[in-house]
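J.: A single structure is presented below for examination.
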Amino acid sequence: MLSNIFLKTLRDQRNSFMLWSIGISALMVFTILFYPSVADSSELDDILNNMPEAFAKLFAGEVSDFTSPEGYLNSQLFVLLMPLLFLFFSISYGSGAIAGEEERGTLDLLLSYPLKRSRVLLEKFAAMVVIILAFGFVFWFSIAVSAVSIGMHISLWRVAEATLSGVCLGLVFGTLALTLGCSSHNRGFSIGATSALGVAAYFLNALAPVVNALEPLQKLSLFYYYIGADPLSNGLDPVHVLVLLGLTVILLAVALLTFNRHDLVA
Amino acid sequence: MISGSVIHTENLTKSYGKHRGLVDLNFDVRSGEVFGYLGPNGSGKSTTIRLLLDFIRPTRGRAELFGLDACTNSVDIRRRVGYLPGELETYANLTGREMLTYFASLRGRIDWNYAEVLAERLNLDLSRSIKTLSKGNKQKIGLVQAFMHKPELLLLDEPTSGLDPLVQQEFYLMVREAKAEGRTIFLSSHVLTEVERIADRIGFLREGKLILEEAVATIKDKALRQLEMHFDSSVPAEFFNGLPGVRDLRVENNIVYCSIEGSMDALIKAAAQFEVVNITSHEPDLEEIFLAYYSSVDDNAE
C-alpha cells in the first residue's frame, strides 16, 4: 500500500473510511427499517400537503408523498442527508489532498522526488475519486440490503443511479475544495469556502421553486443537477451528469494549472 | 559556467514583496566538493535550495544543476539529487520503515539494503512509529532518505539540527564517504564550526546576498577567535602587545582578553612564560566573522 502516492493516500484514509462506513450503513439500515411503519400511515402525506410549501421544499425537495418508497427515500435520504454526507467527505478529502500536505510540511519532501507536480496532483485526485465512489457503494449496498430485507418495492438500479448522482455532486465539490486548497495554500479556507458554496447551492435549489426572485437562478445551483431530475424515480439525466462531470474536469484543469505554476509555501 | 559545475546560478533572485529574498546570487559548486552554505537564520539559505529544486520560481535569473535548467528539467534533476529539508516533516501515521519504503518506491528501484545499513549506522529503529520518535530520530529518517539512493548531489538544509554529537560524527563520516565516492554535497548551516569541519569551500549569505565564496582554509585564517587566558598572578600587558594576529588586547590583573586572527602560535608561546591556569576560546558568531573579514579586506585594500 506504500508503492505510490495514490495507494498511500487511500491507505491514510482507511480507518476513517471504515468508521464512516459503519456509521452510514447504520443510518441507512435504521432509516429503511422505519419505512414499513410510515408506509401504512397516509396521515403523513396529509401533514406534508398541509405544510407551508417553502418549508416542505426545504427539507423534502420536490417530494409529493412520504409513503411511496421513492418519496420516502427521497425525503429521508436523497434530498438532504446523502448529499450533505457526500459534500462532507469530498470536501474533507479534496481540501487535504494538496493543501493538507502543504500545511503539514510534507509536500516539500514529496516534491523533492522525481515526480511531476501534475502527477502528484492526479494521483491525489484519483484517490479522492476512488474514496467518493467507495462511499457511494457503501450507501447503495446498505440501502439495497435493507430494502430487500423488508421487501421494499424499489428498483435497486434506480437507487444506484440516485447514489451515483450523489457521487457526481461529491466529485464537483471535492475537486473545488482541492483546487481552492491548491491556490490558497490553506486547507481551512478551502473547507470553509467550499462548504459555504455547498450550503448556498442547497438553499438556492430548494427555495427557487417557491421564491420568485430565485426561480431563474435555480440552474446555477449544483444541487439542481444532482436531484432536479429526481434520479430515484426517473433515472439519471445524462445532461445533468455531464454538467457535474464537466465542471469537475474544468476544476481539475484549474488545479493542475495553479499547482504547476505556484510557489510552495515553506 | 565553470566546467565541472554541479550547481551554477546566474543572478538568481527571489523577491517576496516586502520580505527579504535573494538578490543576484552567482555561485558555482564544483563536482565532488563539499560546499558549506553559511548564513544567519533568515538569510535565504532555504530559499536558495528551494529554488534549486523548483519548489519556488525565481523572480529573475536562473539556476542550473548538472547543466540542466532548474525549472524546465526539474524532474530529471531531482532524480539525481537527495534532499533534506530544513524543517523536516514526516508522516506520523507510519513507521520509519514504512515511510522510507514509500519514498524508495517513489524513486523507482533502489538498493533497500543500503537504507537499512544507513539506519543502523545512525542507530535509528525503523520499526517504531514516527510519532513516538524524538526530533533527532526523525532527522535521521530525513538523512537516510536523502542518502539512500546514493545521489550525485546532496542538498542538505541544516542537516545536523537535532542530532546528538555522536550521530553528528557519523553524519560527518557519511559526508566524507560521499565525497570520497565523487559525489557533491551542498549543505547549509548557521554554525561555522560545523561547516569548516567538513566543507572544502564556503559561501556566506547575508540578507539575501552572497557576500563571500571562499576556500575554508582562507576563512579560518581570517576568522577572529576570542581568547581569555587566566594566569596565577598578574601579567604585564606590554608582553602581549604587538604579537602577530592579536587584536583588542585588554589585560586585567591576571586575566588577558584578546581576539586572535590566524595562528595562535606566538601568543601561546608568549603566555607559556607565565603560569597558565586556564585558556578559554569563544567561537565568533557569523556576524563577527563577516565584520572581521571585511575589515581585513579593507585593510589590505588601503
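Each chain of the C-alpha cells is named A, B, ... in the order shown, its residues numbered from 1; ligands are numbered from 1 in display order.
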Can you tell me, as a count of residues only, which residues in stretch 39-152 of chain B count as helix (DSSP H, G or I) by DSSP?
T.: 52
J.: Return the neighbours of chain A among the residues of chain B, cut-off 10 Å, counting only C-alpha atoms, as a PyMOL selection string.
T.: chain B and resi 46-47+50-51+53-58+74-91+93-94+98-108+142+145-146
J.: Could you work out how far atom CA of A:Leu178 lies from atom CA of A:Ala99, giving the answer in Å with one decimal?
T.: 7.6 Å
J.: Using only C-alpha atoms, which of A:Ala160, A:Val129, A:Ala134, A:Ala206 sits nearest A:Leu80?
T.: A:Ala206
J.: Can you check which residues of stretch 33-252 of chain B DSSP gives as strand (DSSP E or B) on the backbone and send them as a ChimeraX atom specification?
T.: /B:34-38,60-65,68-69,81-84,95,129,153-157,184-189,201-206,209-215,224-231,246-252
J.: With a distance cut-off of 10 Å and only C-alpha atoms, select the neighbouring residues of A:Trp140, excluding the residue or stretch itself and same-chain residues fewer than 4 positions from it, and output the selection as a PDB file with N, CA, C and O atoms, in the first residue's frame.
T.:
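Everything below was put into out-v5.pdb:
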```pdb
ATOM      1  N   SER A  25     -23.841   2.927   7.109  1.00  0.00           N
ATOM      2  CA  SER A  25     -24.658   1.714   6.975  1.00  0.00           C
ATOM      3  C   SER A  25     -25.731   1.695   8.055  1.00  0.00           C
ATOM      4  O   SER A  25     -26.909   1.426   7.768  1.00  0.00           O
ATOM      5  N   MET A  28     -28.483   4.118   7.170  1.00  0.00           N
ATOM      6  CA  MET A  28     -29.318   3.644   6.065  1.00  0.00           C
ATOM      7  C   MET A  28     -30.250   2.534   6.557  1.00  0.00           C
ATOM      8  O   MET A  28     -31.447   2.531   6.260  1.00  0.00           O
ATOM      9  N   ALA A 134     -16.258   4.749  -3.381  1.00  0.00           N
ATOM     10  CA  ALA A 134     -16.401   3.712  -2.362  1.00  0.00           C
ATOM     11  C   ALA A 134     -17.512   4.081  -1.387  1.00  0.00           C
ATOM     12  O   ALA A 134     -18.317   3.227  -0.991  1.00  0.00           O
ATOM     13  N   PHE A 135     -17.581   5.359  -1.025  1.00  0.00           N
ATOM     14  CA  PHE A 135     -18.686   5.785  -0.159  1.00  0.00           C
ATOM     15  C   PHE A 135     -20.021   5.578  -0.871  1.00  0.00           C
ATOM     16  O   PHE A 135     -20.998   5.139  -0.267  1.00  0.00           O
ATOM     17  N   GLY A 136     -20.046   5.884  -2.167  1.00  0.00           N
ATOM     18  CA  GLY A 136     -21.260   5.652  -2.952  1.00  0.00           C
ATOM     19  C   GLY A 136     -21.670   4.191  -2.866  1.00  0.00           C
ATOM     20  O   GLY A 136     -22.850   3.871  -2.664  1.00  0.00           O
ATOM     21  N   ALA A 144     -29.572  -1.165  -0.406  1.00  0.00           N
ATOM     22  CA  ALA A 144     -30.059  -2.329  -1.144  1.00  0.00           C
ATOM     23  C   ALA A 144     -30.356  -3.480  -0.190  1.00  0.00           C
ATOM     24  O   ALA A 144     -31.448  -4.078  -0.239  1.00  0.00           O
ATOM     25  N   VAL A 145     -29.417  -3.776   0.697  1.00  0.00           N
ATOM     26  CA  VAL A 145     -29.612  -4.907   1.610  1.00  0.00           C
ATOM     27  C   VAL A 145     -30.840  -4.688   2.479  1.00  0.00           C
ATOM     28  O   VAL A 145     -31.693  -5.576   2.615  1.00  0.00           O
ATOM     29  N   LEU A 156     -33.393  -1.351  -7.399  1.00  0.00           N
ATOM     30  CA  LEU A 156     -32.033  -1.147  -6.892  1.00  0.00           C
ATOM     31  C   LEU A 156     -31.168  -0.432  -7.929  1.00  0.00           C
ATOM     32  O   LEU A 156     -30.201   0.242  -7.599  1.00  0.00           O
ATOM     33  N   TRP A 157     -31.548  -0.605  -9.163  1.00  0.00           N
ATOM     34  CA  TRP A 157     -30.844   0.096 -10.244  1.00  0.00           C
ATOM     35  C   TRP A 157     -31.037   1.600 -10.106  1.00  0.00           C
ATOM     36  O   TRP A 157     -30.102   2.387 -10.228  1.00  0.00           O
ATOM     37  N   VAL A 159     -31.828   3.135  -7.356  1.00  0.00           N
ATOM     38  CA  VAL A 159     -31.105   3.555  -6.150  1.00  0.00           C
ATOM     39  C   VAL A 159     -29.637   3.810  -6.518  1.00  0.00           C
ATOM     40  O   VAL A 159     -29.025   4.800  -6.102  1.00  0.00           O
ATOM     41  N   ALA A 160     -29.085   2.919  -7.344  1.00  0.00           N
ATOM     42  CA  ALA A 160     -27.696   3.092  -7.781  1.00  0.00           C
ATOM     43  C   ALA A 160     -27.560   4.388  -8.568  1.00  0.00           C
ATOM     44  O   ALA A 160     -26.587   5.141  -8.388  1.00  0.00           O
ATOM     45  N   GLU A 161     -28.520   4.667  -9.416  1.00  0.00           N
ATOM     46  CA  GLU A 161     -28.436   5.892 -10.225  1.00  0.00           C
ATOM     47  C   GLU A 161     -28.499   7.134  -9.339  1.00  0.00           C
ATOM     48  O   GLU A 161     -27.740   8.089  -9.537  1.00  0.00           O
ATOM     49  N   ALA A 162     -29.409   7.089  -8.353  1.00  0.00           N
ATOM     50  CA  ALA A 162     -29.532   8.256  -7.469  1.00  0.00           C
ATOM     51  C   ALA A 162     -28.252   8.429  -6.640  1.00  0.00           C
ATOM     52  O   ALA A 162     -27.797   9.555  -6.403  1.00  0.00           O
ATOM     53  N   THR A 163     -27.670   7.304  -6.222  1.00  0.00           N
ATOM     54  CA  THR A 163     -26.430   7.394  -5.442  1.00  0.00           C
ATOM     55  C   THR A 163     -25.290   7.927  -6.301  1.00  0.00           C
ATOM     56  O   THR A 163     -24.478   8.748  -5.866  1.00  0.00           O
ATOM     57  N   LEU A 164     -25.278   7.466  -7.544  1.00  0.00           N
ATOM     58  CA  LEU A 164     -24.244   7.928  -8.468  1.00  0.00           C
ATOM     59  C   LEU A 164     -24.347   9.434  -8.690  1.00  0.00           C
ATOM     60  O   LEU A 164     -23.331  10.125  -8.856  1.00  0.00           O
TER      61      LEU A 164
END
```
J.: Could you state the separation of atom CA of A:Cys182 and atom CA of B:Arg60 in Å, given to one decimal place?
T.: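 Going from atom CA of A:Cys182 over to atom CA of B:Arg60 covers 24.1 Å.
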J.: Which residue out of B:Ala92, B:Val175, B:Ile130, B:Ala70 has the minimum interatomic distance to B:Glu33 when only C-alpha atoms are used?
T.: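 Ranking B:Ala92, B:Val175, B:Ile130, B:Ala70 by distance to B:Glu33, first place goes to B:Val175.
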J.: Set the distance at 9 Å and use only C-alpha atoms: which residues neighbour stretch 209-225 of chain A once local chain neighbours fewer than 3 positions away are removed? I'd like the list as a list in words.
T.: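 Surrounding residues, per the criterion: Glu53, Ala54, Lys57, Pro83, Ser165, Leu169, Val172, Gly198, Ala200, Ala201, Tyr202, Phe203, Leu204, Asn205, Ala206, Gly228, Ala229, Asp237, Val239, His240, Val241, Val243 and Leu244 of chain A.
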J.: May I have the selected residues written with C-alpha atoms, as a compact mmCIF listing (two decimals), in the first residue's frame?
T.:
```txt
# COMPACT_ATOMS: atom_id res chain seq x y z
CA GLU A 53 -44.82 24.92 0.63
CA ALA A 54 -41.47 26.59 1.24
CA LYS A 57 -39.46 22.09 -0.28
CA PRO A 83 -25.73 14.93 -0.45
CA SER A 165 -25.77 11.36 -8.82
CA LEU A 169 -22.05 16.04 -6.75
CA VAL A 172 -17.52 18.59 -8.09
CA GLY A 198 -22.41 23.92 -0.90
CA ALA A 200 -25.76 28.19 -0.64
CA ALA A 201 -26.28 25.83 -3.57
CA TYR A 202 -28.58 23.66 -1.48
CA PHE A 203 -30.80 26.54 -0.40
CA LEU A 204 -30.83 28.08 -3.85
CA ASN A 205 -32.11 24.85 -5.35
CA ALA A 206 -34.57 24.20 -2.56
CA GLY A 228 -33.57 18.25 -10.10
CA ALA A 229 -34.42 15.36 -12.43
CA ASP A 237 -30.40 12.72 -16.62
CA VAL A 239 -27.20 16.26 -19.36
CA HIS A 240 -27.18 16.84 -15.62
CA VAL A 241 -24.47 14.23 -15.10
CA VAL A 243 -22.73 19.23 -16.20
CA LEU A 244 -21.40 17.83 -12.92
```
J.: Provide the atom CA of A:Leu27 to atom CA of A:Val79 distance in Å, to one decimal place.
T.: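 Straight-line distance from atom CA of A:Leu27 to atom CA of A:Val79 works out to 15.0 Å.
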J.: Using only C-alpha atoms, which of B:Leu22, B:Val29, B:Ile185, B:Met148 sits nearest B:Arg109?
T.: B:Met148
J.: Excluding stretch 163-173 of chain B and any residue of its chain fewer than 5 positions from it, enumerate the residues within 9 Å of it, using only C-alpha atoms, and give them as a CSV table (one decimal) with N, CA and C atoms, in the first residue's frame.
T.:
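Below is the file that was written, result20.csv:
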```
chain,number,residue,atom,x,y,z
B,121,ARG,N,23.7,2.5,11.0
B,121,ARG,CA,24.8,3.4,11.3
B,121,ARG,C,24.3,4.6,12.2
B,122,LEU,N,23.2,5.1,11.9
B,122,LEU,CA,22.7,6.2,12.6
B,122,LEU,C,22.0,5.8,13.9
B,123,ASN,N,21.9,4.5,14.1
B,123,ASN,CA,21.3,4.0,15.3
B,123,ASN,C,19.8,4.4,15.3
B,135,LYS,N,12.9,14.4,17.9
B,135,LYS,CA,13.2,15.3,16.7
B,135,LYS,C,14.5,14.7,16.1
B,136,GLY,N,15.5,14.4,16.9
B,136,GLY,CA,16.7,13.8,16.4
B,136,GLY,C,16.5,12.6,15.6
B,137,ASN,N,15.7,11.7,16.1
B,137,ASN,CA,15.4,10.4,15.3
B,137,ASN,C,14.7,10.7,14.0
B,139,GLN,N,15.0,13.3,12.3
B,139,GLN,CA,16.0,13.9,11.4
B,139,GLN,C,16.8,12.8,10.8
B,140,LYS,N,17.0,11.7,11.5
B,140,LYS,CA,17.8,10.5,11.0
B,140,LYS,C,17.0,9.9,9.8
B,143,LEU,N,17.8,12.0,6.9
B,143,LEU,CA,19.1,11.8,6.4
B,143,LEU,C,19.1,10.5,5.6
B,178,ALA,N,30.7,10.1,1.0
B,178,ALA,CA,30.0,10.5,-0.2
B,178,ALA,C,31.0,11.3,-1.1
B,197,ARG,N,34.5,22.1,9.5
B,197,ARG,CA,35.0,20.7,9.7
B,197,ARG,C,34.9,19.9,8.5
B,198,ILE,N,33.9,20.1,7.7
B,198,ILE,CA,33.7,19.1,6.5
B,198,ILE,C,33.7,19.8,5.2
```
J.: Residues at most 8 Å from A:Asn74, counting only C-alpha atoms, excluding those fewer than 3 positions away in the same chain, as a list in words?
T.: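 Residues near the query, excluding close chain neighbours: Ala60, Gly61, Val63, Glu70, Gly71, Leu77, Phe78, Val79 and Leu232 of chain A.
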J.: Given the selection you just returned, output its residues as a file containing N, CA and C atoms, formatted as a PDB file, in the first residue's frame.
T.:
```pdb
ATOM      1  N   ALA A  60     -37.823  18.439   2.085  1.00  0.00           N
ATOM      2  CA  ALA A  60     -38.245  17.231   1.391  1.00  0.00           C
ATOM      3  C   ALA A  60     -38.145  17.381  -0.121  1.00  0.00           C
ATOM      4  N   GLY A  61     -37.671  18.512  -0.582  1.00  0.00           N
ATOM      5  CA  GLY A  61     -37.498  18.708  -2.014  1.00  0.00           C
ATOM      6  C   GLY A  61     -38.828  18.649  -2.747  1.00  0.00           C
ATOM      7  N   VAL A  63     -40.609  16.253  -3.325  1.00  0.00           N
ATOM      8  CA  VAL A  63     -41.343  15.034  -2.988  1.00  0.00           C
ATOM      9  C   VAL A  63     -42.818  15.348  -2.765  1.00  0.00           C
ATOM     10  N   GLU A  70     -40.183   5.638  -3.221  1.00  0.00           N
ATOM     11  CA  GLU A  70     -39.366   6.723  -3.777  1.00  0.00           C
ATOM     12  C   GLU A  70     -39.511   7.991  -2.949  1.00  0.00           C
ATOM     13  N   GLY A  71     -40.746   8.297  -2.620  1.00  0.00           N
ATOM     14  CA  GLY A  71     -40.992   9.511  -1.837  1.00  0.00           C
ATOM     15  C   GLY A  71     -40.303   9.440  -0.488  1.00  0.00           C
ATOM     16  N   LEU A  77     -33.502  10.546   2.649  1.00  0.00           N
ATOM     17  CA  LEU A  77     -32.078  10.389   2.356  1.00  0.00           C
ATOM     18  C   LEU A  77     -31.557  11.280   1.242  1.00  0.00           C
ATOM     19  N   PHE A  78     -32.206  11.183   0.080  1.00  0.00           N
ATOM     20  CA  PHE A  78     -31.562  11.740  -1.107  1.00  0.00           C
ATOM     21  C   PHE A  78     -31.644  13.253  -1.221  1.00  0.00           C
ATOM     22  N   VAL A  79     -32.657  13.861  -0.586  1.00  0.00           N
ATOM     23  CA  VAL A  79     -32.774  15.309  -0.713  1.00  0.00           C
ATOM     24  C   VAL A  79     -31.714  16.019   0.124  1.00  0.00           C
ATOM     25  N   LEU A 232     -33.984   9.047  -8.620  1.00  0.00           N
ATOM     26  CA  LEU A 232     -34.511   7.847  -7.967  1.00  0.00           C
ATOM     27  C   LEU A 232     -35.787   7.379  -8.669  1.00  0.00           C
TER      28      LEU A 232
END
```
J.: If you count only C-alpha atoms, which residues fall within 10 Å of B:Phe27, apart from same-chain ones fewer than 5 positions away, as an NGL selection string?
T.: :B and (1-2 or 5 or 7-12 or 63 or 203 or 210 or 212-213)
J.: Just write the chosen residues, N, CA, C and O atoms, as an mmCIF file, in the first residue's frame.
T.:
```cif
data_model
loop_
_atom_site.group_PDB
_atom_site.id
_atom_site.type_symbol
_atom_site.label_atom_id
_atom_site.label_comp_id
_atom_site.auth_asym_id
_atom_site.auth_seq_id
_atom_site.Cartn_x
_atom_site.Cartn_y
_atom_site.Cartn_z
ATOM 1 N N MET B 1 29.738 29.510 -17.463
ATOM 2 C CA MET B 1 29.661 28.420 -16.494
ATOM 3 C C MET B 1 30.998 27.703 -16.413
ATOM 4 O O MET B 1 31.586 27.308 -17.409
ATOM 5 N N ILE B 2 31.452 27.532 -15.184
ATOM 6 C CA ILE B 2 32.714 26.842 -14.965
ATOM 7 C C ILE B 2 32.503 25.365 -15.296
ATOM 8 O O ILE B 2 31.527 24.763 -14.873
ATOM 9 N N SER B 5 30.918 22.231 -13.027
ATOM 10 C CA SER B 5 29.993 22.738 -12.020
ATOM 11 C C SER B 5 28.777 21.839 -11.919
ATOM 12 O O SER B 5 28.191 21.472 -12.927
ATOM 13 N N ILE B 7 26.321 22.790 -9.550
ATOM 14 C CA ILE B 7 25.324 23.852 -9.376
ATOM 15 C C ILE B 7 25.913 25.128 -9.946
ATOM 16 O O ILE B 7 27.077 25.454 -9.705
ATOM 17 N N HIS B 8 25.098 25.841 -10.697
ATOM 18 C CA HIS B 8 25.550 27.103 -11.268
ATOM 19 C C HIS B 8 24.368 28.066 -11.225
ATOM 20 O O HIS B 8 23.281 27.736 -11.685
ATOM 21 N N THR B 9 24.584 29.225 -10.633
ATOM 22 C CA THR B 9 23.483 30.192 -10.623
ATOM 23 C C THR B 9 23.935 31.481 -11.295
ATOM 24 O O THR B 9 25.107 31.853 -11.234
ATOM 25 N N GLU B 10 22.951 32.115 -11.934
ATOM 26 C CA GLU B 10 23.228 33.376 -12.626
ATOM 27 C C GLU B 10 22.213 34.414 -12.187
ATOM 28 O O GLU B 10 21.021 34.284 -12.495
ATOM 29 N N ASN B 11 22.656 35.380 -11.438
ATOM 30 C CA ASN B 11 21.779 36.455 -10.956
ATOM 31 C C ASN B 11 20.473 35.926 -10.373
ATOM 32 O O ASN B 11 19.418 36.519 -10.540
ATOM 33 N N LEU B 12 20.565 34.814 -9.724
ATOM 34 C CA LEU B 12 19.374 34.184 -9.176
ATOM 35 C C LEU B 12 18.760 35.098 -8.113
ATOM 36 O O LEU B 12 19.411 35.454 -7.141
ATOM 37 N N ALA B 63 19.032 29.100 -12.487
ATOM 38 C CA ALA B 63 19.939 28.151 -11.850
ATOM 39 C C ALA B 63 20.034 26.925 -12.728
ATOM 40 O O ALA B 63 19.072 26.542 -13.394
ATOM 41 N N GLY B 203 30.270 29.437 1.197
ATOM 42 C CA GLY B 203 29.618 30.640 0.705
ATOM 43 C C GLY B 203 28.925 31.293 1.884
ATOM 44 O O GLY B 203 28.279 30.620 2.666
ATOM 45 N N LEU B 210 24.961 36.864 -1.475
ATOM 46 C CA LEU B 210 26.144 36.046 -1.256
ATOM 47 C C LEU B 210 27.315 37.007 -1.175
ATOM 48 O O LEU B 210 27.643 37.684 -2.142
ATOM 49 N N LEU B 212 30.425 36.240 -0.022
ATOM 50 C CA LEU B 212 31.762 35.668 0.005
ATOM 51 C C LEU B 212 31.699 34.229 -0.436
ATOM 52 O O LEU B 212 30.826 33.479 -0.043
ATOM 53 N N GLU B 213 32.621 33.844 -1.278
ATOM 54 C CA GLU B 213 32.709 32.457 -1.681
ATOM 55 C C GLU B 213 34.195 32.141 -1.611
ATOM 56 O O GLU B 213 34.999 32.726 -2.300
#
```
